[in-house]
Structures are given as structure tokens and as C-alpha cells.
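Trainee: Structure below; questions to follow.
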Amino acid sequence: MSNVLTYEHAVEVRELVKRFGAFTAVDRLDFTVKRGEIFGFLGPNGAGKSTTIRMLCGLLLPTAGRGTVAGLDIIRESERIKTRIGYMSQKFSLYEDLTVEENIAFYGGIYGVSDARLAERKAWILEMANLADRRHSLTGELAVGWKQRLALGCAMVHEPEILFLDEPTGGVDPISRRNFWDLIFTVAGAGVTVMVTTHYMDEAEHCDRLAMIYGGKLIALGSPAELKAQYADAGQLLEIEADPLMRALDVLAEAVHDVAVFGTTLHAVVHAARGEAMVRTTLERAGVAVRRVEPIAPSLEDVFVRLIEQADRQREEAG
Amino acid sequence: MLQRIIMIIWKEFVQISRDPRMLGVVIVLPIFMLLLYGYAINLDVKHVRLAVYDQDGSQASRELVGAFTRSQYFDMAVQAWDERAVTQALDAGKARVALIIPATYSADLARGRRATVQVLVDGSDSTTASTAIGYLAGIVQSQNLQVSLQTLERAGQPVEHRARFWYNPELRSTNFIIPGLIAVILMMLAALLTSVTVVRERERGTIESLVVSPVMPFELMLGKLIPYVIIAFFDVLLVLTVGVFVFHIPFVGSVLLVLALSTLFVAAALGIGLLVSTVAPNQQVAMLTAVMATQLPTVLLSGFIFPISSMPHAIQLFTNIIPAAHFIRILRGIVLKGNGLAELWAPSLFLLVLGMVMLAASSARFKKTL
């Protein structure tokens with residue numbers, strides 16, 4: 001690669017703010033993405049994930065704060081950034097009335113890929129996305145899973161150092177999602193830094209590090225293991241089966257630190273070693289039938305739900 | 001930079017070739033409009049409905065009526081037998097012109113006295129009325145000549161004579177209208193063609209991939225303009241062919257010069273569409289805006305029907321920013337008068353500048369942020 005890779009962090013963001021009128025979409029965000037890692041950006045819809053990615057890719061101008069991508073300033077040097085990054089938008093953004101090959105050729109062309117190199121890249125993309133048989137199909141006729149792999153291929157036609165993927169697996173079946181993540185691992189294995197937004201917990205587990213954002217604010221940052229360990233420090237997580245479930249939720253909300261519904265069970269955080277017995281007696285005393293109380297290891301979803309509830313509580317106390 | 005522009009041109013052509021609606025817009029629309037307007041907009045007044053009240057009923061009066069109805073300008077519509085019937089025919093619009101010949105007409109002529117006929121003209125359509133009066137005068141004049149000659153012949157005086165119609169029956173307004181119409185149609189078509197090109201990318205989300213790429217706004221705009229210049233040039237050939245072979249406009253000047261200068265014109269017109277496309281929120285609004293923004297000023301202020309020279313000075317200045325005004329000057333100049341670049345450099349220069357301004361404005365409007 002002809003570029004001299006002198007920068008330290010793939011992405012570095014300081015006090016980044018984006019306001020749309022009175023609405024603050026991104027609220028003083030701070031984080032860094034290390035070179036070569038898969039960095040997950042986890043949050044519910046409307047948390048500010050896409051807005052942040054769009055600012056990093058030069059699609060939106062920040063209201064305040066600063067940031068660098070590949071060591072280049074996102075405000076002053078966005079045009080130079082564009083040749084170094086690949087971006088896959090949330091909405092499918094290839095030409096549906098061009099064929100698979102034509103899309104690759106078009107994006108290769110506007111990124112200045114030479115003809116000889118383009119032939120190699122085209123072969124690589126068709127192989128990687130498993131689209132060799134469909135190379136002459138109109139893109140609009142492809143199934144969603146294929147489209148997304150082609151979009152990834154086109155985003156990488158110019159061999160970018162950093163790849164931004166904005167909810168790349170939205171609306172895709174689980175098998176296709178799994179296949180897509182295999183591609184992401186392949187790409188990252190080749191040394192490309194990947195920053196990916198998602199609201200799927202299982203996808204978040206695949207990331208080297210995660211930033212959890214909610215309401216435009218960073219609420220947690222670390223590897224999945226670190227985030228779960230922080231959660232464990234707060235106490236023991238119990239899974240509870242009880243009947244009626246909603247009554248049990250109300251009773252425990254008064255008695256324990258954190259409790260939330262997970263499917264047909266409750267997850268509650270207790271402090272002491274005696275927590276398990278305490279939960280059992282509290283529920284029985286309130287006339288709730290307790291089927292099962294069991295200590296479990298926290299999932300990312302537990303971590304995320306608890307952090308969001310904390311954030312909501314803090315917001316209520318503040319305002 | 002060149003590679004990126006070429007890629008965009010190529011991509012646009014592939015997309016156009018896969019869009020069957022484009023074929024309709026590019027081929028059917030201009031021919032349809034030219035035929036429709038070409039036949040409808042006709043300033044020649046022919047077949048004016050005539051009411052006749054012949055009180056005389058002599059051979060001389062019938063000759064006069066015959067002089068009217070034999071010409072293609074008047075058709076006998078109502079044969080009236082009293083004054084009331086004449087008034088009714090005019091009121092009801094059954095006749096636009098009424099000719100009343102008094103009972104003394106033939107007697108007066110025979111005695112060599114001045115014979116008077118009355119003509120009533122419906123002035124509600126003043127254009128038709130004034131033209132009809134002109135024809136009337138012509139027909140009456142020639143009839144006068146005819147009558148005087150007959151009188152002289154009867155007197156046995158050998159006079160060499162040749163009667164000539166004052167009005168040139170071949171003064172066709174078509175020759176004046178069609179070149180203007182060609183400009184009006186191309187103007188609207190061109191603006192329509194480019195008006196959706198940018199907003200479509202925005203609607204389909206493909207704009208994100210473009211904005212995040214190293215493509216510069218100027219490259220994108222030029223890449224989108226050039227394919228349509230080529231397509232619109234094809235339309236220039238199409239409408240000129242229809243103009244020459246269907247409407248028989250004479251082509252006095254250089255065909256090559258018309259084609260060369262029409263490229264400047266379509267580029268300016270396409271530029272207007274492109275600018276609309278960078279502003280409009282969706283494809284429907286873009287198309288509507290393009291038609292509104294081009295058709296009305298083009299029809300009213302280009303000199304297509306109303307001569308620019310008779311407009312107020314401020315409006316005359318304003319017509320300079322209307323591409324069709326310059327192109328109509330060029331077309332009429334070359335097609336009808338055989339003008340060359342020596343006479344037409346000014347409107348050509350205006351078109352060139354307008355096209356460049358439109359391209360620059362579109363590029364400036366197309367921000368590389370969403």
C-alpha cells in the first residue's frame with residue numbers, strides 16, 4: 001500500500017456533538033478505535049449511531065467537538081479521508097438498475113482503481129460475496145443477503161484501511177447474518193479496521209471492543225468481557241421463574257438493586273451471598289409462586305439493559 | 001478526475017438504456033408536442049365564417065360574394081335574408097364577418113356611381129378581426145379593379161391590364177412559428193430530462209455512496225450533463241427533421257451551424273434542469289418545477305410569439321437570461337435568413353455563458369454533505 005500509515009488510532013473522537021435544531025443527536029462523545037480492531041457501536045434505534053458514523057465519513061458536519069479518521073481531521077480533511085475509508089450505509093446504496101459487475105466497475109472507477117487492479121478486485125469481490133454466478137444479474141433482483149455482501153464488496157473495491165458499516169445486517173435472516181460476520185472477520189483478519197453499528201446483542205459479542213451509546217451519550221466502553229465483568233462487580237445476577245411474573249417484578253423492584261424482564265423470566269441483581277434466599281422469601285411472602293431461582297453469568301443484554309435503566313434514572317433525577 | 005467523469009457518464013447511459021420511460025420522453029414527447037402545437041398555433045387567418053345578406057341579388061353582387069368565397073380566407077356560413085338574421089349570426093358566433101350588399105349595388109355600378117357595401121366584423125378576437133379586415137380590403141380592391149376594367153372594356157378602350165393580388169397568399173406564419181416552437185419544446189424537454197437526475201439518487205439512497213466517495217460536485221454535475229447533451233442533440237435532429245419535412249419550413253442557412261449552436265442551447269437548458277434537481281425535495285416536485293420554470297418564461301419572453309423588440313426595456317434586458325430567446329434568434333436567423341456566425345455571435349456567446357453559469361450553480365448547490 002502506497003499510503004504511509006503514520007497515525008496512531010484509526011478513529012479518535014473528542015467531545016463530538018451533533019445537533020439538529022433543538023434535538024441533540026450526539027452529545028459530547030469521546031472514544032478511540034484502535035487500528036485493526038473490530039469496534040462495535042451498540043445502541044437502540046435513534047441513539048446517535050448512524051449520525052456519529054456519518055460525521056466520521058464526512059457526510060455530516062459536527063456541530064462541535066473534533067475527531068480524526070486515519071489521522072486526518074474530519075472537518076478540514078474529509079476529502080482526503082474519503083479515499084482511505086469504505087462506508088456501507090444503513091440503506092442499500094448501490095444502483096439497482098446496474099448489474100453486479102457494473103456496480104463494482106462504477107465504484108472502482110470513481111475511486112480511481114486502475115483497470116488491471118480492478119480486474120483483480122472484481123474477482124476478489126465476486127469470490128468473497130459468492131456472487132460469481134450472478135455477476136450479470138441486475139442488482140435489484142438479488143436477495144437482501146446478497147445485496148449486502150455486494151455492498152460490502154463495493155465499499156472495499158479501493159482497499160480501504162478503515163471500514164464503516166452502518167447496521168450492515170438489518171433485515172437479513174440469521175444465516176445470512178452469520179455469513180456476513182464471517183466476511184467481517186476475514187476483512188479484519190487482513191488488517192482492516194472495522195467500525196460497525198448494530199443493535200443485535202449476538203453481533204456485539206463478536207466485537208473486540210464495544211461502545212454502548214444511548215440518547216447520544218456514551219454509557220459504556222470496553223471489550224464484551226470487560227463490560228460483563230464490570231456488571232459482575234455490582235453483585236450476583238439471578239434468573240427467576242415466578243408466577244405471576246408481573247407481580248414478582250413489582251415486588252422485586254422494591255427489594256433489589258436491578259430487576260428486568262427477560263422473556264418469561266426475571267433477571268435481578270443482588271448484593272450479598274444470601275441474595276438468592278432473600279429473593280425467594282420476599283416473593284413467597286408477597287404470595288408469588290417461585291418456580292426457580294438460579295445464579296447465572298450476565299449477557300451483554302443484561303449489561304446493556306442495566307446501563308440504560310441507570311441512564312434513565314439519572315435523567316429523571318436530573319430533570 | 002477525467003476517469004471519474006467518464007465513469008459517471010457511462011453509468012448514466014447504462015441507467016438510461018434500462019429505463020423504457022426515457023424512450024417515450026426522448027422520442028415520443030418532442031414529436032407529439034411539435035405536431036400538436038405546430039398545427040394548433042397558426043396565426044394565418046383562413047376559413048373565416050362569413051354571413052352574407054345580399055339585398056341586390058344581381059349578377060354583380062353575386063360576383064362580389066363569389067370573390068369572397070372563392071378565396072380560402074372566407075367560407076360562406078350564413079345566407080341571411082334580413083338584418084336581424086345577420087345580427088343573430090354574429091351574436092351566436094356562427095359568423096365572424098358579415099357582408100351586407102345594398103339593393104342599389106348593381107344599379108350604382110351600372111351608372112358608374114360609387115357603390116357602397118357594409119361589412120361587420122366580430123372584434124372580440126382582435127387578431128382574427130384585423131387580419132380579416134386586411135383580406136377584405138384586398139378582395140374589395142381587386143374587385144374594384146375588375147369592375148373598372150369591365151367598364152373600360154365596355155367603353156371600347158384597349159387597355160393592357162394585369163390584375164395582381166396585393167396580399168401574398170404564401171405569407172405563411174408557420175415559417176415563423178416552427179423555429180420558435182422547436183426552441184420551446186427543446187427547452188422544456190431538456191429541463192425535464194435533467195431535473196430528476198440528482199433528486200433520484202437522493203430518493204434511492206445512492207447519493208450516500210457518491211458523497212462518501214472522492215467524486216467532486218463539479219465532476220458529478222458534468223458527468224450527468226454530458227449524456228443528456230448527447231440525447232438532447234438527437235432530439236434537435238428529430239424536431240428539425242419534422243419541421244422541414246412535415247411543416248416544410250425552408251432551410252436557407254447552414255445545417256451544421258444550427259447543430260453546433262444548438263449544442264450550446266441544450267447545454268444551457270439542461271443546466272437549468274440540473275440546478276432544479278439539486279434543490280428539489282423529490283422527483284415529482286423536480287419535474288413540475290422544471291416545466292413551470294421553463295415553459296412560461298420561454299413561451300412569453302423568448303420572442304416565440306410576442307416580439308422582444310416591443311417589450312418594455314427592463315423586460316427586454318431580462319429576456320437575456322432566457323436561453324430560448326437567444327436560440328430562437330439563432331434559429332430564425334439561420335433557417336429563414338441564412339445568417340452566419342458573424343451575425344449570431346452575440347446570442348451564441350450568451351448561451352455559452354448561461355450554460356456555464358448553470359453548471360457552476362448546480363455544483364455549488366450540490367453540497368458534499370447530506
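Numbering starts fresh at 1 for the residues of each chain in the C-alpha cells, the chains themselves are lettered A, B, ... in the order given, and ligands are numbered from 1 as they appear.
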Listing only residues of chain A within 8 Å of chain B, what is the closest atom pair and its distance in Å (to one decimal) for each, using only C-alpha atoms, sorted by chain and residue number ascending, as a Markdown table?

Mentor:
| residue | atom | partner | partner_atom | distance |
| --- | --- | --- | --- | --- |
| A:Cys57 | CA | B:Val212 | CA | 6.5 |
| A:Gly58 | CA | B:Val212 | CA | 6.8 |
| A:Leu59 | CA | B:Thr369 | CA | 4.6 |
| A:Leu60 | CA | B:Thr369 | CA | 5.3 |
| A:Leu61 | CA | B:Thr369 | CA | 7.2 |
| A:Glu79 | CA | B:Pro214 | CA | 6.4 |
| A:Lys82 | CA | B:Ser213 | CA | 5.7 |
| A:Thr83 | CA | B:Pro214 | CA | 6.2 |
| A:Tyr87 | CA | B:Val212 | CA | 7.2 |
| A:Met88 | CA | B:Ser209 | CA | 7.8 |
| A:Ser89 | CA | B:Glu208 | CA | 7.2 |
| A:Lys91 | CA | B:Gly205 | CA | 6.5 |
| A:Phe92 | CA | B:Gly205 | CA | 6.9 |
| A:Ser93 | CA | B:Thr206 | CA | 4.2 |
| A:Leu94 | CA | B:Thr206 | CA | 5.7 |
| A:Tyr95 | CA | B:Thr206 | CA | 6.6 |
| A:Asp97 | CA | B:Gln15 | CA | 6.3 |
| A:Leu98 | CA | B:Gln15 | CA | 6.9 |
| A:Phe106 | CA | B:Met7 | CA | 6.1 |
| A:Gly109 | CA | B:Met7 | CA | 5.9 |
| A:Ile110 | CA | B:Arg4 | CA | 4.6 |
| A:Tyr111 | CA | B:Pro214 | CA | 6.4 |
| A:Gly112 | CA | B:Gln3 | CA | 7.0 |

Trainee: Which neighbours of B:Leu341 fall inside 10 Å, counting only C-alpha atoms, when residues of the same chain fewer than 5 positions from it are skipped, and could you give them as a list in words?

Mentor: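 What passes the distance filter is Leu257, Leu261, Ile330, Gly333, Ile334, Ala346, Pro347 and Ser348 of chain B.
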
Trainee: Next, write the just-selected residues to a file, as an mmCIF file, in the first residue's frame, keeping N, CA and C atoms as the atom set.

Mentor:
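Final output, result.cif:
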data_model
loop_
_atom_site.group_PDB
_atom_site.id
_atom_site.type_symbol
_atom_site.label_atom_id
_atom_site.label_comp_id
_atom_site.auth_asym_id
_atom_site.auth_seq_id
_atom_site.Cartn_x
_atom_site.Cartn_y
_atom_site.Cartn_z
ATOM 1 N N LEU B 257 -24.185 24.737 -38.779
ATOM 2 C CA LEU B 257 -24.133 25.825 -37.799
ATOM 3 C C LEU B 257 -25.289 25.705 -36.806
ATOM 4 N N LEU B 261 -24.630 25.260 -32.806
ATOM 5 C CA LEU B 261 -25.120 26.227 -31.820
ATOM 6 C C LEU B 261 -26.222 25.636 -30.945
ATOM 7 N N ILE B 330 -31.174 32.690 -33.102
ATOM 8 C CA ILE B 330 -30.228 31.915 -33.906
ATOM 9 C C ILE B 330 -30.957 31.090 -34.967
ATOM 10 N N GLY B 333 -32.621 33.192 -37.588
ATOM 11 C CA GLY B 333 -31.560 33.818 -38.368
ATOM 12 C C GLY B 333 -30.972 32.860 -39.390
ATOM 13 N N ILE B 334 -30.675 31.644 -38.949
ATOM 14 C CA ILE B 334 -30.034 30.695 -39.868
ATOM 15 C C ILE B 334 -31.049 30.083 -40.824
ATOM 16 N N ALA B 346 -23.346 37.056 -30.838
ATOM 17 C CA ALA B 346 -23.805 37.537 -29.523
ATOM 18 C C ALA B 346 -24.736 36.547 -28.822
ATOM 19 N N PRO B 347 -25.840 36.117 -29.485
ATOM 20 C CA PRO B 347 -26.684 35.123 -28.802
ATOM 21 C C PRO B 347 -25.931 33.820 -28.506
ATOM 22 N N SER B 348 -24.983 33.454 -29.372
ATOM 23 C CA SER B 348 -24.218 32.226 -29.125
ATOM 24 C C SER B 348 -23.394 32.356 -27.857
#

Trainee: I'd like to know which of A:Ile75, A:Leu237, A:Val261, A:Ile38 is closest to A:Ala190, using only C-alpha atoms.

Mentor: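 Ranked by minimum distance to A:Ala190, first place goes to A:Ile38.
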
Trainee: Of the candidates B:Val147, B:Val48, B:Leu181, B:Ile231, which one gets nearest to B:Asp125 if we count only C-alpha atoms?

Mentor: B:Val48

Trainee: Between atom CA of B:Gly93 and atom CA of B:Val121, what is the distance, to one decimal in Å?

Mentor: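 Answer for the atom CA of B:Gly93 to atom CA of B:Val121 separation: 11.1 Å.
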
Trainee: List the spatial neighbours of A:His136 as a ChimeraX atom specification - criterion: any atom at most 10 Å away, only C-alpha atoms, same-chain residues fewer than 3 positions off excluded.

Mentor: /A:98-102,131-133,139

Trainee: Please save all heavy atoms of the selected residues as a PDB file, in the first residue's frame.

Mentor:
ATOM      1  N   LEU A  98     -28.162  -1.316 -12.202  1.00  0.00           N
ATOM      2  CA  LEU A  98     -26.899  -1.767 -12.787  1.00  0.00           C
ATOM      3  C   LEU A  98     -26.703  -3.230 -12.371  1.00  0.00           C
ATOM      4  O   LEU A  98     -27.218  -3.666 -11.357  1.00  0.00           O
ATOM      5  CB  LEU A  98     -25.719  -0.936 -12.284  1.00  0.00           C
ATOM      6  CG  LEU A  98     -25.669   0.556 -12.611  1.00  0.00           C
ATOM      7  CD1 LEU A  98     -24.299   1.116 -12.234  1.00  0.00           C
ATOM      8  CD2 LEU A  98     -25.950   0.841 -14.067  1.00  0.00           C
ATOM      9  N   THR A  99     -25.925  -3.964 -13.168  1.00  0.00           N
ATOM     10  CA  THR A  99     -25.655  -5.345 -12.796  1.00  0.00           C
ATOM     11  C   THR A  99     -24.591  -5.371 -11.698  1.00  0.00           C
ATOM     12  O   THR A  99     -23.983  -4.348 -11.376  1.00  0.00           O
ATOM     13  CB  THR A  99     -25.136  -6.163 -13.985  1.00  0.00           C
ATOM     14  OG1 THR A  99     -23.862  -5.643 -14.366  1.00  0.00           O
ATOM     15  CG2 THR A  99     -26.086  -6.101 -15.170  1.00  0.00           C
ATOM     16  N   VAL A 100     -24.385  -6.562 -11.132  1.00  0.00           N
ATOM     17  CA  VAL A 100     -23.389  -6.743 -10.078  1.00  0.00           C
ATOM     18  C   VAL A 100     -22.020  -6.238 -10.567  1.00  0.00           C
ATOM     19  O   VAL A 100     -21.373  -5.418  -9.905  1.00  0.00           O
ATOM     20  CB  VAL A 100     -23.319  -8.240  -9.697  1.00  0.00           C
ATOM     21  CG1 VAL A 100     -22.109  -8.521  -8.819  1.00  0.00           C
ATOM     22  CG2 VAL A 100     -24.613  -8.667  -9.012  1.00  0.00           C
ATOM     23  N   GLU A 101     -21.615  -6.689 -11.735  1.00  0.00           N
ATOM     24  CA  GLU A 101     -20.305  -6.286 -12.274  1.00  0.00           C
ATOM     25  C   GLU A 101     -20.229  -4.792 -12.532  1.00  0.00           C
ATOM     26  O   GLU A 101     -19.202  -4.160 -12.286  1.00  0.00           O
ATOM     27  CB  GLU A 101     -20.054  -7.017 -13.595  1.00  0.00           C
ATOM     28  CG  GLU A 101     -19.359  -8.330 -13.425  1.00  0.00           C
ATOM     29  CD  GLU A 101     -18.747  -8.812 -14.735  1.00  0.00           C
ATOM     30  OE1 GLU A 101     -19.187  -8.355 -15.813  1.00  0.00           O
ATOM     31  OE2 GLU A 101     -17.837  -9.624 -14.673  1.00  0.00           O
ATOM     32  N   GLU A 102     -21.329  -4.240 -13.055  1.00  0.00           N
ATOM     33  CA  GLU A 102     -21.335  -2.810 -13.372  1.00  0.00           C
ATOM     34  C   GLU A 102     -21.183  -1.957 -12.119  1.00  0.00           C
ATOM     35  O   GLU A 102     -20.495  -0.933 -12.129  1.00  0.00           O
ATOM     36  CB  GLU A 102     -22.625  -2.446 -14.129  1.00  0.00           C
ATOM     37  CG  GLU A 102     -22.620  -2.917 -15.574  1.00  0.00           C
ATOM     38  CD  GLU A 102     -23.995  -2.883 -16.226  1.00  0.00           C
ATOM     39  OE1 GLU A 102     -25.001  -2.674 -15.513  1.00  0.00           O
ATOM     40  OE2 GLU A 102     -24.062  -3.097 -17.442  1.00  0.00           O
ATOM     41  N   LEU A 131     -20.759 -14.260  -5.463  1.00  0.00           N
ATOM     42  CA  LEU A 131     -21.675 -13.729  -6.478  1.00  0.00           C
ATOM     43  C   LEU A 131     -21.219 -14.041  -7.904  1.00  0.00           C
ATOM     44  O   LEU A 131     -21.768 -13.500  -8.855  1.00  0.00           O
ATOM     45  CB  LEU A 131     -21.811 -12.207  -6.322  1.00  0.00           C
ATOM     46  CG  LEU A 131     -22.795 -11.733  -5.262  1.00  0.00           C
ATOM     47  CD1 LEU A 131     -22.594 -10.256  -4.980  1.00  0.00           C
ATOM     48  CD2 LEU A 131     -24.225 -11.990  -5.685  1.00  0.00           C
ATOM     49  N   ALA A 132     -20.228 -14.922  -8.043  1.00  0.00           N
ATOM     50  CA  ALA A 132     -19.669 -15.184  -9.368  1.00  0.00           C
ATOM     51  C   ALA A 132     -20.742 -15.597 -10.376  1.00  0.00           C
ATOM     52  O   ALA A 132     -20.720 -15.163 -11.528  1.00  0.00           O
ATOM     53  CB  ALA A 132     -18.580 -16.253  -9.280  1.00  0.00           C
ATOM     54  N   ASP A 133     -21.712 -16.397  -9.916  1.00  0.00           N
ATOM     55  CA  ASP A 133     -22.758 -16.865 -10.842  1.00  0.00           C
ATOM     56  C   ASP A 133     -23.765 -15.770 -11.177  1.00  0.00           C
ATOM     57  O   ASP A 133     -24.483 -15.863 -12.157  1.00  0.00           O
ATOM     58  CB  ASP A 133     -23.530 -18.046 -10.225  1.00  0.00           C
ATOM     59  CG  ASP A 133     -22.635 -19.234 -10.000  1.00  0.00           C
ATOM     60  OD1 ASP A 133     -21.563 -19.286 -10.666  1.00  0.00           O
ATOM     61  OD2 ASP A 133     -22.970 -20.089  -9.161  1.00  0.00           O
ATOM     62  N   THR A 139     -28.728  -5.768  -9.977  1.00  0.00           N
ATOM     63  CA  THR A 139     -28.563  -5.746  -8.530  1.00  0.00           C
ATOM     64  C   THR A 139     -29.909  -5.749  -7.803  1.00  0.00           C
ATOM     65  O   THR A 139     -30.055  -6.353  -6.749  1.00  0.00           O
ATOM     66  CB  THR A 139     -27.749  -4.509  -8.134  1.00  0.00           C
ATOM     67  OG1 THR A 139     -26.557  -4.521  -8.914  1.00  0.00           O
ATOM     68  CG2 THR A 139     -27.385  -4.535  -6.678  1.00  0.00           C
TER      69      THR A 139
END

Trainee: Which neighbours of B:Ala232 fall inside 12 Å, counting only C-alpha atoms, when residues of the same chain fewer than 6 positions from it are skipped, and could you give them as an NGL selection string?

Mentor: :B and (22 or 25-27 or 30 or 183 or 185-194 or 225-226 or 238-239 or 259 or 262-270)

Trainee: For A:Gly171, please output as a list in words all residues within 12 Å (counting only C-alpha atoms; exclusion window: fewer than 5 positions along the same chain).

Mentor: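 The residues satisfying every condition are Gln90, Lys91, Phe92, Ala143, Val144, Gly145, Lys147, Gln148, Ser176, Arg177, Thr198, His199 and Tyr200 of chain A.
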
Trainee: Neighbours of B:Val276 within 12 Å (only C-alpha atoms; same-chain residues fewer than 6 positions away dropped), as a count of residues only?

Mentor: 32

Trainee: Which residues come within 7 Å of stretch 114-116 of chain B, counting only C-alpha atoms, excluding same-chain residues fewer than 5 positions away, as a list in words?

Mentor: Tyr105, Asp108 and Leu109 of chain B

Trainee: As a ChimeraX atom specification, list the residues of stretch 104-165 of chain A assigned to strand (DSSP E or B) by DSSP on the backbone atoms of this structure.

Mentor: /A:138,162-165

Trainee: Restricting the output to N, CA and C atoms, write the selected residues as a PDB file, in the first residue's frame.

Mentor:
ATOM      1  N   LEU A 138     -29.099  -8.082 -12.570  1.00  0.00           N
ATOM      2  CA  LEU A 138     -29.363  -6.729 -12.087  1.00  0.00           C
ATOM      3  C   LEU A 138     -29.342  -6.769 -10.555  1.00  0.00           C
ATOM      4  N   ILE A 162      -9.853   1.568   6.657  1.00  0.00           N
ATOM      5  CA  ILE A 162     -10.871   1.562   7.702  1.00  0.00           C
ATOM      6  C   ILE A 162     -12.234   1.392   7.039  1.00  0.00           C
ATOM      7  N   LEU A 163     -13.039   0.532   7.633  1.00  0.00           N
ATOM      8  CA  LEU A 163     -14.344   0.240   7.059  1.00  0.00           C
ATOM      9  C   LEU A 163     -15.422   0.641   8.058  1.00  0.00           C
ATOM     10  N   PHE A 164     -16.371   1.457   7.607  1.00  0.00           N
ATOM     11  CA  PHE A 164     -17.501   1.843   8.451  1.00  0.00           C
ATOM     12  C   PHE A 164     -18.746   1.128   7.950  1.00  0.00           C
ATOM     13  N   LEU A 165     -19.341   0.319   8.816  1.00  0.00           N
ATOM     14  CA  LEU A 165     -20.530  -0.430   8.431  1.00  0.00           C
ATOM     15  C   LEU A 165     -21.685   0.011   9.320  1.00  0.00           C
TER      16      LEU A 165
END

Trainee: Measure the distance from atom CA of B:Phe13 to atom CA of B:Phe218 in Å and round it to one decimal.

Mentor: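 Atom CA of B:Phe218 lies at a distance of 18.4 Å from atom CA of B:Phe13.
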
Trainee: So that I can check the secondary structure, give me every residue of stretch 108-303 of chain A assigned alpha helix (DSSP H) by backbone DSSP, as a PyMOL selection string.

Mentor: chain A and resi 108-110+115-128+144-155+174-189+201-205+224-233+245-255+275-285+300-303

Trainee: What separation in Å, quoted to one decimal, exists between atom CA of A:Gly46 and atom CA of A:Phe262?

Mentor: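 One can read the atom CA of A:Gly46 to atom CA of A:Phe262 distance as 22.4 Å.
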
Trainee: From the list B:Pro179, B:Arg200, B:Ala260, B:Val279, which residue is nearest B:Gly303 when using only C-alpha atoms?

Mentor: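 Of B:Pro179, B:Arg200, B:Ala260, B:Val279, the one nearest B:Gly303, counting only C-alpha atoms, is B:Pro179.
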